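Trainee: Next comes data_29.txt, compact mmCIF, C-alpha atoms:
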```txt
# COMPACT_ATOMS: atom_id res chain seq x y z
CA MET A 1 42.31 -52.72 -50.38
CA ARG A 2 42.17 -56.47 -50.93
CA THR A 3 43.85 -57.05 -47.58
CA GLU A 4 41.27 -54.87 -45.80
CA LYS A 5 38.36 -56.79 -47.40
CA HIS A 6 39.99 -60.08 -46.47
CA SER A 7 40.29 -58.91 -42.89
CA GLU A 8 36.62 -57.87 -42.78
CA SER A 9 35.47 -61.21 -44.14
CA THR A 10 37.58 -63.07 -41.57
CA VAL A 11 36.05 -61.08 -38.72
CA ALA A 12 32.56 -61.72 -40.12
CA ARG A 13 33.19 -65.46 -40.22
CA ILE A 14 34.45 -65.43 -36.61
CA VAL A 15 31.36 -63.48 -35.45
CA ASP A 16 29.01 -65.84 -37.30
CA ALA A 17 30.74 -68.87 -35.82
CA ALA A 18 30.54 -67.43 -32.26
CA ALA A 19 26.85 -66.65 -32.75
CA ALA A 20 26.22 -70.21 -33.95
CA ASP A 21 28.02 -71.63 -30.94
CA SER A 22 25.99 -69.37 -28.64
CA ARG A 23 22.70 -70.51 -30.21
CA SER A 24 23.77 -74.13 -29.90
CA LEU A 25 24.58 -73.71 -26.21
CA THR A 26 21.27 -71.98 -25.59
CA VAL A 27 19.25 -74.72 -27.29
CA ASN A 28 21.10 -77.56 -25.63
CA ARG A 29 21.36 -75.98 -22.16
CA PRO A 30 19.07 -77.79 -19.65
CA ARG A 31 16.23 -75.53 -18.60
CA ILE A 32 15.77 -74.67 -14.92
CA GLN A 33 12.84 -76.61 -13.46
CA PHE A 34 10.88 -74.42 -11.06
CA PRO A 35 8.80 -76.31 -8.49
CA GLU A 36 5.07 -76.07 -8.97
CA SER A 37 4.61 -75.25 -5.25
CA THR A 38 6.75 -74.49 -2.20
CA PRO A 39 7.91 -77.67 -0.43
CA GLU A 40 5.89 -78.37 2.71
CA HIS A 41 7.57 -77.31 5.94
CA PRO A 42 8.29 -80.20 8.34
CA LEU A 43 6.25 -78.54 11.10
CA GLY A 44 3.14 -78.56 8.90
CA SER A 45 2.77 -82.34 9.08
CA MET A 46 3.37 -82.57 12.84
CA LEU A 47 0.62 -82.67 15.45
CA PHE A 48 0.02 -79.19 16.79
CA PRO A 49 1.38 -79.75 20.35
CA GLN A 50 4.70 -81.08 19.02
CA ALA A 51 4.95 -78.48 16.26
CA ALA A 52 4.21 -75.64 18.68
CA LYS A 53 6.84 -76.76 21.19
CA ALA A 54 9.41 -77.16 18.41
CA TRP A 55 8.61 -73.63 17.18
CA LEU A 56 8.87 -72.23 20.72
CA LEU A 57 12.37 -73.67 21.15
CA THR A 58 13.51 -71.71 18.10
CA ARG A 59 12.23 -68.51 19.74
CA ARG A 60 14.01 -69.02 23.08
CA ASP A 61 16.96 -66.75 22.29
CA HIS A 62 14.85 -64.02 20.68
CA ILE A 63 12.21 -63.26 23.35
CA ALA A 64 12.24 -62.37 27.04
CA PRO A 65 12.23 -65.28 29.53
CA ARG A 66 8.82 -64.27 30.85
CA THR A 67 7.40 -64.07 27.33
CA TYR A 68 8.83 -67.52 26.64
CA LEU A 69 7.05 -68.82 29.74
CA ASP A 70 3.76 -67.15 28.75
CA TYR A 71 3.96 -68.59 25.22
CA GLY A 72 4.47 -72.04 26.73
CA ARG A 73 1.35 -71.67 28.86
CA HIS A 74 -0.70 -70.51 25.88
CA ILE A 75 0.53 -73.52 23.90
CA ASP A 76 -0.42 -75.90 26.73
CA THR A 77 -3.91 -74.42 26.86
CA ILE A 78 -4.71 -74.44 23.14
CA SER A 79 -3.08 -77.86 22.67
CA ARG A 80 -5.92 -79.42 24.65
CA SER A 81 -8.24 -78.59 21.76
CA PHE A 82 -5.81 -79.42 18.92
CA ARG A 83 -3.94 -82.41 20.32
CA ASN A 84 -4.99 -84.68 17.44
CA VAL A 85 -4.74 -82.12 14.62
CA THR A 86 -1.67 -81.39 12.54
CA LEU A 87 -0.51 -77.80 12.26
CA GLY A 88 -1.29 -77.68 8.53
CA GLU A 89 -4.87 -78.89 9.05
CA ILE A 90 -5.91 -76.02 11.33
CA THR A 91 -8.31 -73.64 9.60
CA GLY A 92 -9.90 -70.33 10.41
CA ASP A 93 -13.21 -72.08 11.11
CA MET A 94 -11.51 -74.30 13.67
CA LEU A 95 -10.08 -71.27 15.44
CA ARG A 96 -13.48 -69.56 15.44
CA ASP A 97 -14.98 -72.65 17.06
CA TYR A 98 -12.18 -72.51 19.65
CA GLN A 99 -12.94 -68.85 20.28
CA ARG A 100 -16.61 -69.60 21.00
CA ARG A 101 -15.79 -72.37 23.46
CA ARG A 102 -12.85 -70.67 25.14
CA ARG A 103 -14.81 -67.43 25.57
CA GLN A 104 -16.88 -69.18 28.26
CA THR A 105 -13.88 -69.29 30.61
CA ALA A 106 -11.53 -66.52 29.42
CA GLY A 107 -11.70 -62.95 28.21
CA PRO A 108 -11.17 -61.90 24.59
CA GLY A 109 -7.68 -60.64 25.30
CA MET A 110 -6.49 -64.04 26.52
CA VAL A 111 -8.26 -65.86 23.67
CA ASN A 112 -6.53 -63.59 21.13
CA LYS A 113 -3.13 -64.35 22.66
CA GLU A 114 -3.71 -68.09 22.45
CA CYS A 115 -4.96 -67.99 18.86
CA GLY A 116 -2.13 -65.62 17.98
CA ILE A 117 0.33 -68.41 18.75
CA VAL A 118 -1.27 -70.55 16.01
CA CYS A 119 -1.12 -67.65 13.56
CA MET A 120 2.56 -66.99 14.28
CA ILE A 121 3.51 -70.63 13.74
CA ARG A 122 1.51 -70.87 10.52
CA GLY A 123 3.16 -67.72 9.25
CA ARG A 124 6.55 -69.20 10.09
CA ILE A 125 5.96 -72.19 7.79
CA GLY A 126 4.59 -70.06 4.95
CA GLN A 127 0.92 -71.01 5.44
CA PRO A 128 -0.70 -67.94 7.02
CA LEU A 129 -4.31 -68.13 8.19
CA THR A 130 -5.73 -65.36 6.03
CA ASP A 131 -9.34 -65.88 7.19
CA TYR A 132 -8.65 -65.66 10.93
CA GLN A 133 -10.29 -62.84 12.88
CA ARG A 134 -9.33 -61.63 16.34
CA MET A 135 -12.03 -61.23 18.96
CA PRO A 136 -12.85 -57.55 19.45
CA LEU A 137 -12.34 -55.97 22.85
CA PRO A 138 -15.26 -54.02 24.36
CA LYS A 139 -15.08 -50.38 23.29
CA ASP A 140 -15.85 -49.23 26.82
CA TYR A 141 -13.21 -51.56 28.25
CA GLU A 142 -11.87 -50.54 31.64
CA SER A 143 -9.46 -52.37 33.90
CA PRO A 144 -11.40 -54.67 36.23
CA GLY A 145 -8.82 -54.14 38.94
CA ARG A 146 -9.58 -52.36 42.18
CA ALA A 147 -7.98 -51.75 45.56
CA LEU A 148 -8.96 -53.85 48.57
CA THR A 149 -10.75 -52.10 51.39
CA THR A 150 -9.38 -52.36 54.91
CA ALA A 151 -12.29 -54.58 55.93
CA GLU A 152 -11.75 -56.90 52.93
CA GLU A 153 -8.04 -57.17 53.60
CA THR A 154 -8.65 -58.01 57.26
CA LYS A 155 -11.23 -60.67 56.35
CA LEU A 156 -9.01 -62.22 53.68
CA GLU A 157 -5.99 -62.29 55.97
CA ARG A 158 -8.02 -64.14 58.60
CA VAL A 159 -9.28 -66.71 56.06
CA PHE A 160 -5.84 -67.20 54.46
CA LYS A 161 -4.16 -67.78 57.83
CA ALA A 162 -6.86 -70.28 58.81
CA ALA A 163 -6.29 -72.19 55.56
CA ALA A 164 -2.49 -72.14 55.86
CA ASP A 165 -2.48 -75.71 57.25
CA HIS A 166 -5.19 -77.12 54.98
CA PRO A 167 -3.61 -79.66 52.57
CA GLN A 168 -5.78 -78.53 49.64
CA TRP A 169 -5.73 -74.78 50.15
CA LYS A 170 -2.47 -73.90 51.89
CA THR A 171 -0.49 -73.12 48.73
CA ALA A 172 -3.13 -70.69 47.44
CA ALA A 173 -3.60 -69.23 50.92
CA LEU A 174 0.10 -68.59 51.57
CA LEU A 175 0.81 -67.23 48.09
CA SER A 176 -2.19 -64.90 48.23
CA LEU A 177 -1.18 -63.71 51.68
CA LEU A 178 2.37 -63.05 50.50
CA SER A 179 1.10 -61.22 47.41
CA MET A 180 -1.24 -59.08 49.49
CA LYS A 181 1.53 -58.04 51.86
CA CYS A 182 4.49 -57.52 49.50
CA GLY A 183 2.88 -56.43 46.23
CA ALA A 184 4.29 -59.22 44.03
CA GLY A 185 2.00 -60.61 41.32
CA PRO A 186 1.07 -64.28 40.95
CA GLY A 187 3.31 -64.84 37.93
CA GLU A 188 6.25 -63.23 39.73
CA MET A 189 5.86 -65.49 42.77
CA LEU A 190 5.52 -68.65 40.68
CA SER A 191 8.85 -67.80 39.04
CA LEU A 192 10.74 -67.77 42.35
CA SER A 193 13.37 -70.44 43.00
CA LEU A 194 15.01 -71.20 46.34
CA LYS A 195 17.98 -68.99 45.44
CA ASP A 196 15.60 -66.04 45.07
CA VAL A 197 14.25 -66.21 48.64
CA GLY A 198 15.73 -66.09 52.12
CA LEU A 199 14.87 -65.74 55.80
CA ASP A 200 17.93 -63.91 57.15
CA PRO A 201 16.61 -61.31 56.59
CA PRO A 202 13.26 -62.38 55.10
CA HIS A 203 13.21 -61.33 51.44
CA ILE A 204 12.35 -62.27 47.87
CA SER A 205 14.11 -61.20 44.67
CA ILE A 206 11.90 -61.11 41.59
CA PRO A 207 14.04 -62.70 38.82
CA ARG A 208 14.15 -61.74 35.15
CA ARG A 209 12.14 -64.81 34.13
CA GLY A 210 9.23 -63.63 36.29
CA ALA A 211 9.38 -59.92 35.43
CA LYS A 212 7.61 -58.61 32.35
CA ARG A 213 10.11 -55.76 32.12
CA ILE A 214 13.59 -55.17 33.46
CA SER A 215 12.18 -52.46 35.72
CA ARG A 216 10.07 -55.10 37.47
CA GLU A 217 13.14 -56.99 38.69
CA ARG A 218 13.43 -56.00 42.33
CA TYR A 219 14.46 -56.99 45.84
CA LEU A 220 11.72 -56.97 48.48
CA GLU A 221 12.38 -57.16 52.20
CA LEU A 222 9.58 -58.79 54.17
CA ASN A 223 8.36 -58.63 57.72
CA GLY A 224 5.32 -59.53 59.77
CA THR A 225 2.72 -61.62 57.95
CA ALA A 226 4.68 -61.65 54.67
CA ALA A 227 7.75 -63.18 56.38
CA TRP A 228 5.50 -65.70 58.16
CA ALA A 229 3.97 -66.80 54.85
CA LEU A 230 7.37 -67.06 53.13
CA GLU A 231 8.79 -69.22 55.92
CA ARG A 232 5.90 -71.67 55.55
CA LEU A 233 6.28 -71.78 51.76
CA ILE A 234 9.99 -72.58 52.07
CA LYS A 235 9.24 -75.32 54.60
CA ARG A 236 6.64 -76.81 52.22
CA ALA A 237 9.07 -76.72 49.30
CA VAL A 238 11.80 -78.52 51.23
CA ASP A 239 9.77 -81.01 53.29
CA GLU A 240 6.87 -81.87 50.97
CA CYS A 241 8.12 -81.08 47.47
CA LYS A 242 11.73 -82.26 48.01
CA CYS A 243 13.26 -79.06 46.68
CA THR A 244 16.91 -79.12 47.74
CA LEU A 245 18.92 -77.23 45.11
CA PRO A 246 19.11 -73.43 44.72
CA GLU A 247 17.68 -73.76 41.19
CA HIS A 248 14.60 -75.67 42.39
CA TYR A 249 11.35 -73.72 42.31
CA LEU A 250 9.67 -72.50 45.48
CA ILE A 251 6.32 -73.66 44.09
CA PRO A 252 7.14 -76.67 41.89
CA ARG A 253 4.76 -78.34 39.46
CA ARG A 254 2.78 -81.30 40.69
CA ASN A 255 2.83 -84.46 38.56
CA ARG A 256 -0.10 -86.73 37.81
CA ASP A 257 1.00 -89.15 40.52
CA HIS A 258 0.91 -86.26 43.06
CA SER A 259 4.71 -86.09 43.30
CA TYR A 260 6.52 -82.85 42.46
CA ASP A 261 8.98 -81.82 39.77
CA PRO A 262 11.28 -79.21 41.42
CA THR A 263 12.78 -78.23 38.05
CA ARG A 264 9.48 -76.90 36.67
CA PRO A 265 7.28 -74.12 38.11
CA ALA A 266 3.63 -74.61 39.02
CA GLN A 267 1.16 -73.23 36.48
CA GLY A 268 -1.13 -71.51 38.96
CA TYR A 269 -3.29 -71.71 42.05
CA ARG A 270 -6.51 -70.18 40.81
CA ALA A 271 -8.85 -73.05 41.80
CA GLY A 272 -7.83 -72.98 45.45
CA LEU A 273 -8.00 -69.19 45.59
CA MET A 274 -11.53 -69.14 44.16
CA GLU A 275 -12.71 -71.45 46.95
CA LEU A 276 -11.06 -69.28 49.60
CA LEU A 277 -12.60 -66.11 48.16
CA ALA A 278 -16.02 -67.80 48.27
CA ILE A 279 -15.48 -68.63 51.95
CA ALA A 280 -14.45 -65.04 52.69
CA GLU A 281 -17.36 -63.72 50.57
CA VAL A 282 -15.05 -61.27 48.81
CA LYS A 283 -15.13 -60.75 45.04
CA VAL A 284 -11.66 -59.77 43.93
CA ARG A 285 -9.03 -60.84 41.40
CA ARG A 286 -5.72 -62.31 42.49
CA TYR A 287 -3.97 -59.41 40.73
CA ASP A 288 -5.74 -56.97 43.05
CA PHE A 289 -3.59 -58.20 45.95
CA ARG A 290 -0.69 -56.23 44.46
CA SER A 291 -0.76 -53.07 46.54
CA PRO A 292 1.66 -50.24 45.70
CA CYS A 293 3.15 -50.44 49.18
CA GLY A 294 2.24 -53.35 51.41
CA GLU A 295 3.31 -54.51 54.84
CA SER A 296 6.83 -55.13 53.61
CA CYS A 297 7.41 -51.36 53.26
CA PRO A 298 9.44 -50.03 56.23
CA GLU A 299 7.24 -46.98 56.76
CA GLN A 300 4.17 -49.22 57.17
CA SER A 301 5.83 -51.97 59.21
CA THR A 302 3.94 -52.75 62.39
CA GLY A 303 5.90 -55.80 63.56
CA ASP A 304 4.73 -59.38 63.66
CA ALA A 305 1.12 -59.93 62.71
```
Please render this file's structure as structure tokens.
Mentor:
Amino acid sequence: MRTEKHSESTVARIVDAAAADSRSLTVNRPRIQFPESTPEHPLGSMLFPQAAKAWLLTRRDHIAPRTYLDYGRHIDTISRSFRNVTLGEITGDMLRDYQRRRRQTAGPGMVNKECGIVCMIRGRIGQPLTDYQRMPLPKDYESPGRALTTAEETKLERVFKAAADHPQWKTAALLSLLSMKCGAGPGEMLSLSLKDVGLDPPHISIPRRGAKRISRERYLELNGTAAWALERLIKRAVDECKCTLPEHYLIPRRNRDHSYDPTRPAQGYRAGLMELLAIAEVKVRRYDFRSPCGESCPEQSTGDA
């Protein structure tokens, strides 16, 4: 009996000693210091143009090539208004002011895409713009696109061919003529490099970087007016723009000193096209040149124009 009590008292002393050691460790253990706020992301202190381009590079392997190109264009556009503002300084009021000004030259859909870039980047760094509001689309919205009439197409073809040698208008004229005859959109044609086109036989291959969807990648054989326009565009690229490698763009970007950068595609040709449409007295969008089956289709081929 005495041995049993002695054993119980020994166990009790061991338990008490362990509990004391545990309390001592708990009191003396350094407490975890939680930060009062989340550390600022490096992009937040960068000027918006630099922060946006850095963000876009991280998205390269996660989005389609055409989407990557579109994001880059949106960033170039909105950077003109936020070139001297850091990413973290942009507020909802600043975006609303941008919406009011940009709405004078672009539709609500395009403005929402551009502002959406800012929202995505801010969300990436943990500083979402909670007070931002998208511009509403008209409830009775209908596509503004329409098909060209035969008379309009004839008039435009005559004007485009006449402007094919004009130094200021020839790029817009030839691209519009090619679009009207083969059904390729403006973004698809601007994505073409020299390896995507050929004259024996005349053809263009819409690459993945220019196609919104895989189904839009396609090979188009050309003839007549479309082949004539393509031949002149290739000659311009080689002789004037100094495009010599297969990877060089058919329509390269023009630099500030009026030279060309064959490794970068042109951003557009809208200004020249607007002047040509005014001369032809035809109100149409450049996207309306995309006919379901143009002159390049064999069943509609009528020979050289």
Trainee: Using atom CA of A:Ser176 and atom CA of A:Val197 as the two end points, give the distance in Å to one decimal.
Mentor: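 One can read the atom CA of A:Ser176 to atom CA of A:Val197 distance as 16.5 Å.
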Trainee: Tell me, as an MDAnalysis selection string, which residues lie within 9 Å of A:Phe160, counting only C-alpha atoms; anything in the same chain fewer than 6 positions away does not count.
Mentor: chainID A and resid 169:170 172:174 176:177 276
Trainee: For a test of reading the model, state the distance in Å between atom CA of A:Val118 and atom CA of A:Gln267, rounded to one decimal.
Mentor: 20.8 Å
Trainee: One number please: atom CA of A:Ala278 to atom CA of A:Ala229, in Å, one decimal.
Mentor: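 Atom CA of A:Ala229 lies at a distance of 21.1 Å from atom CA of A:Ala278.
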Trainee: Using all atoms listed in the file, which protein or nucleic acid residues come within 12 Å of A:Ile279? Drop anything in the same chain fewer than 2 positions from it, and give the result as a ChimeraX atom specification.
Mentor: /A:155-156,158-160,162-163,169,173,272-277,281-283
Trainee: Hey, which of A:Pro167, A:Gly268, A:Pro186, A:Gly210 ends up closest to A:Arg236? Count only C-alpha atoms.
Mentor: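 Once distances to A:Arg236 are computed over only C-alpha atoms, the minimum belongs to A:Pro167.
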Trainee: Could you pull the residues within 8 Å of A:Ser179, counting only C-alpha atoms, minus those fewer than 5 positions along the same chain, as a ChimeraX atom specification?
Mentor: /A:184-186,189,289-290
Trainee: Give the answer as one residue: which of A:Glu231, A:Asp93, A:Asp70, A:Glu152 has the shortest atom-to-atom distance to A:Leu199, using only C-alpha atoms?
Mentor: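 The shortest atom-to-atom distance to A:Leu199 comes from A:Glu231.
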Trainee: With distances taken over only C-alpha atoms, which of A:Arg213, A:Arg208, A:Arg286, A:Arg122 is nearest to A:Ala51?
Mentor: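 For A:Ala51, the nearest of the candidates is A:Arg122.
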Trainee: Taking (1.9, -77.9, 15.3) in the file's own coordinates, collect the residues within 12 Å, counting all atoms listed in the file, and hand them back as a count of residues only.
Mentor: 38
Trainee: Given the point (-13.2, -75.7, 33.0) in the file's coordinates, find the residues that have an atom at most 12 Å from it, counting all atoms listed in the file, and give them as a ChimeraX atom specification.
Mentor: /A:77,80,101-106,270-271
Trainee: Using only C-alpha atoms, find the one residue out of A:Ala151, A:Gly92, A:Val284, A:Gly107 that sits nearest to A:Leu129.
Mentor: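 Under the stated criterion, the closest residue is A:Gly92.
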Trainee: Here is a test: counting all atoms listed in the file, which residue of A:Gly224, A:Gly183, A:Gly72, A:Pro202 is nearest to A:Glu114?
Mentor: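 Closest candidate: A:Gly72.
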Trainee: Got a sec: who's within 10 Å of A:Thr263, counting only C-alpha atoms, leaving out chain neighbours fewer than 6 positions off, as a PDB file with C-alpha atoms, in the coordinates of the input?
Mentor:
```pdb
ATOM      1  CA  SER A 193      13.370 -70.440  43.000  1.00  0.00           C
ATOM      2  CA  CYS A 243      13.260 -79.060  46.680  1.00  0.00           C
ATOM      3  CA  LEU A 245      18.920 -77.230  45.110  1.00  0.00           C
ATOM      4  CA  GLU A 247      17.680 -73.760  41.190  1.00  0.00           C
ATOM      5  CA  HIS A 248      14.600 -75.670  42.390  1.00  0.00           C
ATOM      6  CA  TYR A 249      11.350 -73.720  42.310  1.00  0.00           C
ATOM      7  CA  LEU A 250       9.670 -72.500  45.480  1.00  0.00           C
ATOM      8  CA  ILE A 251       6.320 -73.660  44.090  1.00  0.00           C
ATOM      9  CA  PRO A 252       7.140 -76.670  41.890  1.00  0.00           C
ATOM     10  CA  ARG A 253       4.760 -78.340  39.460  1.00  0.00           C
TER      11      ARG A 253
END
```
Trainee: Quick one: residues within 8 Å of A:Arg209, all atoms listed in the file, excluding same-chain residues fewer than 6 positions away - as a list of chain:residue names?
Mentor: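 The contact residues come out as A:Ala64, A:Pro65, A:Arg66, A:Leu69, A:Ser191.
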Trainee: All heavy atoms for stretch 244-255 of chain A, written as a tab-separated table (two decimals), keeping the file's coordinate frame, could you do that?
Mentor:
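Writing done, so here's out-v9.tsv:
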```
chain	number	residue	atom	x	y	z
A	244	THR	N	15.66	-79.16	46.97
A	244	THR	CA	16.91	-79.12	47.74
A	244	THR	C	17.98	-78.24	47.11
A	244	THR	O	18.89	-77.80	47.80
A	244	THR	CB	17.47	-80.54	47.91
A	244	THR	OG1	17.65	-81.13	46.62
A	244	THR	CG2	16.50	-81.40	48.72
A	245	LEU	N	17.90	-78.00	45.80
A	245	LEU	CA	18.92	-77.23	45.11
A	245	LEU	C	18.50	-75.77	44.97
A	245	LEU	O	17.30	-75.46	44.92
A	245	LEU	CB	19.21	-77.82	43.74
A	245	LEU	CG	19.72	-79.26	43.72
A	245	LEU	CD1	19.92	-79.74	42.29
A	245	LEU	CD2	21.02	-79.39	44.50
A	246	PRO	N	19.46	-74.85	44.88
A	246	PRO	CA	19.11	-73.43	44.72
A	246	PRO	C	18.25	-73.16	43.48
A	246	PRO	O	17.44	-72.24	43.47
A	246	PRO	CB	20.47	-72.74	44.61
A	246	PRO	CG	21.42	-73.66	45.29
A	246	PRO	CD	20.92	-75.04	45.01
A	247	GLU	N	18.43	-73.98	42.43
A	247	GLU	CA	17.68	-73.76	41.19
A	247	GLU	C	16.27	-74.33	41.25
A	247	GLU	O	15.45	-74.07	40.36
A	247	GLU	CB	18.42	-74.40	40.01
A	247	GLU	CG	19.75	-73.76	39.68
A	247	GLU	CD	20.86	-74.18	40.65
A	247	GLU	OE1	20.64	-75.21	41.34
A	247	GLU	OE2	21.89	-73.51	40.71
A	248	HIS	N	15.94	-75.09	42.27
A	248	HIS	CA	14.60	-75.67	42.39
A	248	HIS	C	13.58	-74.57	42.71
A	248	HIS	O	13.88	-73.62	43.44
A	248	HIS	CB	14.58	-76.73	43.49
A	248	HIS	CG	15.26	-78.00	43.08
A	248	HIS	ND1	15.49	-79.05	43.95
A	248	HIS	CD2	15.76	-78.40	41.87
A	248	HIS	CE1	16.09	-80.03	43.31
A	248	HIS	NE2	16.27	-79.66	42.05
A	249	TYR	N	12.38	-74.74	42.16
A	249	TYR	CA	11.35	-73.72	42.31
A	249	TYR	C	10.71	-73.77	43.71
A	249	TYR	O	10.56	-74.85	44.30
A	249	TYR	CB	10.27	-73.89	41.25
A	249	TYR	CG	10.70	-73.36	39.90
A	249	TYR	CD1	11.29	-74.21	38.95
A	249	TYR	CD2	10.54	-72.02	39.58
A	249	TYR	CE1	11.70	-73.72	37.72
A	249	TYR	CE2	10.95	-71.53	38.34
A	249	TYR	CZ	11.53	-72.37	37.43
A	249	TYR	OH	11.94	-71.88	36.21
A	250	LEU	N	10.35	-72.59	44.18
A	250	LEU	CA	9.67	-72.50	45.48
A	250	LEU	C	8.31	-73.17	45.42
A	250	LEU	O	7.89	-73.84	46.38
A	250	LEU	CB	9.53	-71.02	45.88
A	250	LEU	CG	8.80	-70.73	47.20
A	250	LEU	CD1	9.59	-71.27	48.38
A	250	LEU	CD2	8.56	-69.22	47.35
A	251	ILE	N	7.62	-73.01	44.30
A	251	ILE	CA	6.32	-73.66	44.09
A	251	ILE	C	6.46	-74.55	42.86
A	251	ILE	O	6.18	-74.12	41.74
A	251	ILE	CB	5.19	-72.62	43.88
A	251	ILE	CG1	5.24	-71.54	44.96
A	251	ILE	CG2	3.83	-73.31	43.86
A	251	ILE	CD1	4.98	-72.07	46.36
A	252	PRO	N	6.90	-75.79	43.03
A	252	PRO	CA	7.14	-76.67	41.89
A	252	PRO	C	5.84	-77.25	41.32
A	252	PRO	O	4.80	-77.24	41.98
A	252	PRO	CB	8.02	-77.77	42.46
A	252	PRO	CG	7.62	-77.84	43.90
A	252	PRO	CD	7.27	-76.43	44.30
A	253	ARG	N	5.92	-77.75	40.12
A	253	ARG	CA	4.76	-78.34	39.46
A	253	ARG	C	4.46	-79.73	40.03
A	253	ARG	O	5.37	-80.51	40.29
A	253	ARG	CB	5.01	-78.44	37.95
A	253	ARG	CG	3.83	-78.99	37.16
A	253	ARG	CD	4.06	-78.90	35.67
A	253	ARG	NE	4.27	-77.51	35.25
A	253	ARG	CZ	4.32	-77.12	33.98
A	253	ARG	NH1	4.19	-78.01	33.00
A	253	ARG	NH2	4.51	-75.86	33.67
A	254	ARG	N	3.19	-79.99	40.18
A	254	ARG	CA	2.78	-81.30	40.69
A	254	ARG	C	2.50	-82.24	39.53
A	254	ARG	O	1.80	-81.89	38.58
A	254	ARG	CB	1.54	-81.20	41.58
A	254	ARG	CG	1.19	-82.49	42.28
A	254	ARG	CD	0.13	-82.30	43.32
A	254	ARG	NE	-1.16	-81.97	42.73
A	254	ARG	CZ	-2.31	-81.90	43.43
A	254	ARG	NH1	-2.29	-82.10	44.72
A	254	ARG	NH2	-3.43	-81.59	42.82
A	255	ASN	N	3.02	-83.46	39.59
A	255	ASN	CA	2.83	-84.46	38.56
A	255	ASN	C	1.49	-85.17	38.73
A	255	ASN	O	0.79	-84.99	39.74
A	255	ASN	CB	3.97	-85.48	38.60
A	255	ASN	CG	5.33	-84.83	38.39
A	255	ASN	OD1	5.48	-83.95	37.55
A	255	ASN	ND2	6.32	-85.25	39.17
```
